[in-house]
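Source file: query.txt (compact mmCIF, C-alpha atoms)
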# COMPACT_ATOMS: atom_id res chain seq x y z
CA MET A 1 6.64 6.01 -15.92
CA PHE A 2 9.02 6.75 -13.09
CA LEU A 3 9.15 4.25 -10.21
CA LYS A 4 11.31 4.33 -7.10
CA ASP A 5 10.99 2.43 -3.84
CA PHE A 6 12.18 3.49 -0.42
CA THR A 7 12.68 1.20 2.58
CA VAL A 8 11.49 3.29 5.50
CA GLY A 9 10.57 3.28 9.16
CA PRO A 10 11.30 0.96 12.07
CA LEU A 11 9.52 -1.99 10.43
CA GLN A 12 11.18 -1.57 7.03
CA VAL A 13 8.09 -0.66 5.03
CA LYS A 14 8.39 -0.34 1.26
CA ALA A 15 7.14 3.08 0.13
CA TYR A 16 6.65 3.51 -3.61
CA LEU A 17 6.87 6.74 -5.58
CA LEU A 18 5.40 6.57 -9.09
CA ALA A 19 5.16 9.46 -11.52
CA CYS A 20 3.93 10.29 -15.00
CA LYS A 21 6.94 11.55 -16.94
CA THR A 22 4.73 13.52 -19.32
CA THR A 23 2.90 15.59 -16.71
CA GLN A 24 5.37 15.24 -13.81
CA ASN A 25 2.48 14.32 -11.52
CA ALA A 26 3.27 11.70 -8.86
CA ILE A 27 1.66 9.38 -6.32
CA LEU A 28 3.22 8.01 -3.12
CA PHE A 29 2.14 4.77 -1.46
CA ASP A 30 2.65 4.17 2.28
CA PRO A 31 4.93 6.90 3.62
CA ALA A 32 6.27 5.56 6.88
CA GLY A 33 9.55 7.34 7.50
CA SER A 34 12.34 9.18 5.69
CA GLU A 35 9.75 11.77 4.66
CA GLU A 36 12.29 14.51 4.00
CA ILE A 37 14.37 12.19 1.81
CA ILE A 38 11.28 11.29 -0.22
CA ALA A 39 10.18 14.95 -0.42
CA ASN A 40 13.65 15.92 -1.64
CA GLU A 41 13.47 13.24 -4.33
CA ILE A 42 10.10 14.58 -5.46
CA SER A 43 11.48 18.11 -5.59
CA LYS A 44 14.72 17.09 -7.31
CA LYS A 45 12.80 15.32 -10.07
CA GLY A 46 10.45 18.27 -10.50
CA PHE A 47 7.39 16.20 -9.62
CA THR A 48 4.13 17.42 -8.12
CA LEU A 49 2.81 14.94 -5.58
CA LYS A 50 -0.93 14.59 -6.22
CA TYR A 51 -1.78 11.90 -3.68
CA ILE A 52 -0.48 10.14 -0.60
CA VAL A 53 -2.15 6.73 -0.50
CA ASN A 54 -2.24 4.06 2.19
CA THR A 55 -2.61 0.40 1.30
CA HIS A 56 -4.01 -0.12 4.82
CA GLY A 57 -4.23 1.54 8.19
CA HIS A 58 -1.55 -0.23 10.23
CA PRO A 59 0.57 2.51 11.76
CA ASP A 60 3.86 1.21 10.39
CA HIS A 61 2.42 2.16 6.97
CA THR A 62 0.70 5.42 7.94
CA CYS A 63 3.09 6.98 10.45
CA GLY A 64 4.51 9.31 7.80
CA ASN A 65 1.17 10.66 6.57
CA LYS A 66 1.14 13.82 8.65
CA LYS A 67 4.68 14.95 7.89
CA MET A 68 4.49 13.98 4.22
CA LYS A 69 1.33 16.02 3.83
CA GLU A 70 2.98 18.99 5.56
CA LEU A 71 5.99 18.76 3.23
CA THR A 72 4.05 18.37 -0.03
CA GLY A 73 0.47 19.53 0.52
CA ALA A 74 -0.82 16.31 -1.05
CA PRO A 75 -4.07 14.81 0.33
CA VAL A 76 -4.10 11.44 2.08
CA LEU A 77 -6.33 8.66 0.70
CA MET A 78 -7.38 5.47 2.52
CA HIS A 79 -10.29 3.04 2.86
CA LYS A 80 -12.89 4.13 5.42
CA ASP A 81 -12.79 0.86 7.37
CA ASP A 82 -9.11 1.22 8.25
CA ASP A 83 -9.24 4.99 8.67
CA GLU A 84 -11.79 4.54 11.43
CA LEU A 85 -10.61 1.27 12.99
CA PHE A 86 -7.00 2.24 13.56
CA ARG A 87 -7.89 5.62 15.02
CA SER A 88 -10.28 4.05 17.54
CA GLU A 89 -8.97 4.21 21.10
CA ALA A 90 -9.15 0.47 21.71
CA VAL A 91 -6.95 -0.30 18.70
CA ALA A 92 -4.74 2.77 19.01
CA SER A 93 -3.79 1.73 22.54
CA LEU A 94 -2.44 -1.56 21.22
CA PHE A 95 -0.15 0.13 18.73
CA ARG A 96 1.01 2.74 21.23
CA GLY A 97 2.71 -0.21 22.86
CA TRP A 98 4.64 -0.62 19.62
CA GLY A 99 5.65 3.05 19.68
CA PHE A 100 3.07 4.35 17.18
CA GLU A 101 0.42 7.05 17.54
CA PRO A 102 -2.77 6.83 15.44
CA HIS A 103 -2.73 8.60 12.10
CA PRO A 104 -4.77 11.81 11.61
CA PRO A 105 -8.05 11.42 9.70
CA CYS A 106 -7.41 10.95 6.01
CA ASP A 107 -8.63 13.53 3.48
CA LYS A 108 -10.63 11.19 1.27
CA HIS A 109 -11.95 7.65 1.48
CA ILE A 110 -11.41 5.43 -1.56
CA ASN A 111 -13.33 2.29 -2.45
CA GLU A 112 -13.43 -0.79 -4.66
CA GLY A 113 -13.45 0.17 -8.33
CA ASP A 114 -12.29 3.77 -7.90
CA ILE A 115 -9.71 4.96 -10.41
CA ILE A 116 -6.89 7.20 -9.24
CA ASN A 117 -5.59 9.33 -12.10
CA VAL A 118 -2.04 10.63 -11.88
CA GLY A 119 -1.28 12.48 -15.07
CA ASN A 120 -1.52 9.82 -17.77
CA LEU A 121 -1.26 6.99 -15.23
CA ASN A 122 -4.33 5.21 -13.89
CA PHE A 123 -4.56 2.98 -10.85
CA LYS A 124 -7.63 0.90 -10.06
CA VAL A 125 -8.54 0.46 -6.39
CA ILE A 126 -9.11 -3.16 -5.34
CA HIS A 127 -10.56 -3.79 -1.88
CA THR A 128 -8.73 -6.81 -0.43
CA PRO A 129 -9.77 -7.31 3.21
CA GLY A 130 -8.13 -9.96 5.34
CA HIS A 131 -4.87 -8.45 6.56
CA SER A 132 -7.11 -5.63 7.78
CA PRO A 133 -10.73 -4.72 6.96
CA GLY A 134 -9.76 -1.82 4.71
CA SER A 135 -6.73 -3.26 2.97
CA LEU A 136 -6.39 -2.11 -0.63
CA CYS A 137 -4.35 -3.08 -3.68
CA PHE A 138 -3.74 -0.73 -6.60
CA PHE A 139 -3.49 -2.05 -10.17
CA GLY A 140 -2.18 -0.07 -13.09
CA GLU A 141 0.58 0.35 -15.63
CA GLY A 142 1.52 -3.34 -15.38
CA PHE A 143 1.99 -3.25 -11.61
CA VAL A 144 -0.05 -4.01 -8.51
CA VAL A 145 0.87 -2.35 -5.22
CA THR A 146 -0.20 -4.95 -2.65
CA GLY A 147 0.77 -3.51 0.72
CA ASP A 148 0.66 -6.33 3.26
CA THR A 149 -2.02 -8.32 1.45
CA LEU A 150 0.58 -10.18 -0.62
CA PHE A 151 4.33 -10.59 -0.27
CA VAL A 152 6.79 -12.41 -2.51
CA GLY A 153 6.27 -16.01 -1.40
CA GLY A 154 3.93 -15.13 1.45
CA VAL A 155 0.94 -13.17 2.70
CA GLY A 156 0.31 -10.61 5.41
CA ARG A 157 -0.44 -11.55 8.99
CA TYR A 158 -4.08 -11.87 10.02
CA ASP A 159 -3.86 -11.90 13.82
CA LEU A 160 -4.11 -8.14 14.35
CA PRO A 161 -7.42 -6.29 14.90
CA GLY A 162 -9.79 -6.82 11.99
CA GLY A 163 -7.64 -9.51 10.37
CA ASP A 164 -9.07 -12.83 9.15
CA TYR A 165 -7.25 -15.66 7.38
CA ASP A 166 -10.15 -16.98 5.30
CA THR A 167 -11.07 -13.47 4.17
CA LEU A 168 -7.47 -12.82 3.17
CA LEU A 169 -7.31 -15.98 1.06
CA ARG A 170 -10.60 -15.07 -0.66
CA SER A 171 -9.26 -11.63 -1.49
CA LEU A 172 -6.13 -13.13 -2.98
CA LYS A 173 -7.89 -15.86 -4.95
CA ASP A 174 -10.86 -13.85 -6.23
CA LYS A 175 -9.30 -10.43 -6.75
CA VAL A 176 -5.50 -10.30 -6.86
CA MET A 177 -4.83 -13.57 -8.67
CA THR A 178 -7.34 -12.67 -11.39
CA LEU A 179 -5.00 -9.91 -12.60
CA PRO A 180 -2.91 -10.61 -15.73
CA ASP A 181 -0.14 -13.13 -15.14
CA ASP A 182 2.59 -10.69 -16.15
CA THR A 183 1.49 -8.10 -13.57
CA ARG A 184 4.47 -7.15 -11.39
CA ILE A 185 3.87 -7.20 -7.64
CA LEU A 186 5.12 -4.34 -5.45
CA PRO A 187 4.74 -5.64 -1.86
CA GLY A 188 4.66 -3.69 1.39
CA HIS A 189 7.78 -5.37 2.78
CA ASP A 190 10.75 -7.13 1.23
CA TYR A 191 10.16 -10.46 2.95
CA GLY A 192 10.78 -12.79 0.01
CA ASP A 193 13.84 -14.06 -1.81
CA LYS A 194 13.61 -11.09 -4.18
CA PRO A 195 11.94 -7.68 -3.94
CA ILE A 196 9.47 -7.99 -6.85
CA SER A 197 7.53 -10.93 -8.28
CA THR A 198 4.67 -11.48 -10.74
CA ILE A 199 1.18 -12.88 -10.47
CA LYS A 200 2.26 -15.91 -12.52
CA GLU A 201 5.21 -16.64 -10.23
CA GLU A 202 3.08 -16.36 -7.09
CA LYS A 203 0.48 -18.76 -8.50
CA LYS A 204 3.24 -21.33 -8.93
CA THR A 205 5.41 -20.79 -5.88
CA ASN A 206 3.48 -19.05 -3.10
CA PRO A 207 2.22 -21.83 -0.77
CA TYR A 208 -0.79 -19.79 0.29
CA ILE A 209 -1.89 -19.33 -3.31
CA SER A 210 -0.65 -22.32 -5.32
CA GLN A 211 -3.29 -24.53 -3.66
CA PHE A 212 -5.92 -22.75 -5.79
CA PHE A 213 -4.17 -23.17 -9.16
Structure rendered as structure tokens:
Amino acid sequence: MFLKDFTVGPLQVKAYLLACKTTQNAILFDPAGSEEIIANEISKKGFTLKYIVNTHGHPDHTCGNKKMKELTGAPVLMHKDDDELFRSEAVASLFRGWGFEPHPPCDKHINEGDIINVGNLNFKVIHTPGHSPGSLCFFGEGFVVTGDTLFVGGVGRYDLPGGDYDTLLRSLKDKVMTLPDDTRILPGHDYGDKPISTIKEEKKTNPYISQFF
């Protein structure tokens, strides 16, 4: 498997490009800037981008959807709850104050338990509300892409529209922390003391999580 991360956009989002080396099919999580650089990397490697996927609907993670789709032709996938919430006028007006416009409607809604196939790679969709109602994590190939649900040593904020602290902790305890201990965490921002951690490490050291274990 090919894996490369890009730090993109004004809020330093981590976008992840993963590809099956056998089929050259690829998936991109959370485009949020540097779209031409990412598209050039895809082209240089000879990959075909099958899906653009959002871990959640906050505009710092979705602001590259439109251009990335134009550059690659790949469809955009997201949970329905965030697709609708963050395009609503009441919420969109808040983020316009941050300099973001709402994302266009996604091409397909994905849900808990769906499997995204990318060549010989498979990623299971895990619905993890709390940071936002439609937050998702993606587990496969020994990794979990967590977006802003889980950071190294921390968790995502819960004070934005649709966020809830107790719901976030339940998602982490009941869904993310039940993954194998050696699962490597790919977070939505590099906010910790290192860019990547594991489920086992977070159980021991993350103050939001260690209380449960």
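Atom pair atom CA of A:Ile52 / atom CA of A:Met78: separated by 8.9 Å.
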Can you sort out the box for stretch 97-113 of chain A, edges along x, y and z, all listed atoms in, 8 Å on every side, with centre and edge lengths in Å to one decimal, as AutoDock Vina command-line options?
--center_x -3.9 --center_y 6.4 --center_z 7.3 --size_x 35.1 --size_y 30.3 --size_z 47.2
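Across A:Ile199, A:Leu71, A:Ile209, A:Leu169, the tightest approach to A:Ile185 is made by A:Ile199 when counting all atoms listed in the file.
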For the interface of stretch 62-176 of chain A with stretch 34-46 of chain A (cut-off 12 Å, counting all atoms listed in the file), please tabulate each contacting residue of stretch 62-176 of chain A alongside its nearest pair of atoms and their separation in Å to one decimal, rows sorted by chain and increasing number, as a Markdown table.
| residue | atom | partner | partner_atom | distance |
| --- | --- | --- | --- | --- |
| A:Thr62 | CA | A:Glu35 | CA | 11.5 |
| A:Cys63 | CA | A:Glu35 | CA | 10.0 |
| A:Gly64 | CA | A:Glu35 | CA | 6.6 |
| A:Asn65 | CA | A:Glu35 | CA | 8.9 |
| A:Lys66 | CA | A:Glu35 | CA | 9.7 |
| A:Lys67 | CA | A:Glu35 | CA | 6.8 |
| A:Met68 | CA | A:Glu35 | CA | 5.7 |
| A:Lys69 | CA | A:Glu35 | CA | 9.5 |
| A:Glu70 | CA | A:Glu35 | CA | 9.9 |
| A:Leu71 | CA | A:Ala39 | CA | 6.7 |
| A:Thr72 | CA | A:Ala39 | CA | 7.0 |
| A:Gly73 | CA | A:Ala39 | CA | 10.8 |
| A:Ala74 | CA | A:Ala39 | CA | 11.1 |
Selected residues, C-alpha atoms, written as a short mmCIF file (atom, residue, chain, number, x, y, z; two decimals), keeping the file's coordinate frame, please.
data_model
loop_
_atom_site.label_atom_id
_atom_site.label_comp_id
_atom_site.auth_asym_id
_atom_site.auth_seq_id
_atom_site.Cartn_x
_atom_site.Cartn_y
_atom_site.Cartn_z
CA THR A 62 0.70 5.42 7.94
CA CYS A 63 3.09 6.98 10.45
CA GLY A 64 4.51 9.31 7.80
CA ASN A 65 1.17 10.66 6.57
CA LYS A 66 1.14 13.82 8.65
CA LYS A 67 4.68 14.95 7.89
CA MET A 68 4.49 13.98 4.22
CA LYS A 69 1.33 16.02 3.83
CA GLU A 70 2.98 18.99 5.56
CA LEU A 71 5.99 18.76 3.23
CA THR A 72 4.05 18.37 -0.03
CA GLY A 73 0.47 19.53 0.52
CA ALA A 74 -0.82 16.31 -1.05
#
Determine, using all atoms listed in the file, which residues of stretch 82-200 of chain A have any atom at most 6 Å from an atom of stretch 11-21 of chain A, and tabulate each with its shortest atom pair and distance in Å to one decimal place, rows ordered by chain and then rising number, as a tab-separated table.
residue	atom	partner	partner_atom	distance
A:Gly119	CA	A:Cys20	CA	5.7
A:Gly188	CA	A:Lys14	CA	5.0
A:His189	CA	A:Val13	CA	5.2
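Omitting A:Asp60 and its sequence neighbours fewer than 2 positions away, and counting only C-alpha atoms, the residues within 10 Å are Val8, Gly9, Pro10, Leu11, Gln12, Val13, Asp30, Pro31, Ala32, Gly33, His56, Gly57, His58, Thr62, Cys63, Gly64, Phe95, Trp98, Gly99, Phe100 and Glu101 of chain A.
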Residue contacts of A:Phe143 (6 Å, only C-alpha atoms) excluding same-chain residues fewer than 2 positions away, as an NGL selection string: :A and (139-141 or 183-185)
Nearest candidate to A:Asp114 (options A:Lys194, A:Glu84, A:His127, A:Leu28; using all atoms listed in the file):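 The shortest atom-to-atom distance to A:Asp114 comes from A:His127.
Distances here use all atoms listed in the file; by that measure, the residue among A:Pro161, A:Pro195, A:Pro187, A:Gly113 closest to A:Ser132 is A:Pro161.
Compared by their closest atoms to A:Ile115, and using only C-alpha atoms, the residues A:Cys137, A:Gln211, A:Lys175, A:Asp182 rank with A:Cys137 nearest.
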Distance criterion (all atoms listed in the file): nearest to A:Asn54 out of A:Val76, A:Ala90, A:Ile196, A:Leu186: A:Val76
Residue nearest A:Thr146 among A:Leu172, A:Asp181, A:Phe213, A:Thr48 (counting all atoms listed in the file):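 Of A:Leu172, A:Asp181, A:Phe213, A:Thr48, the one nearest A:Thr146 is A:Leu172, counting all atoms listed in the file.
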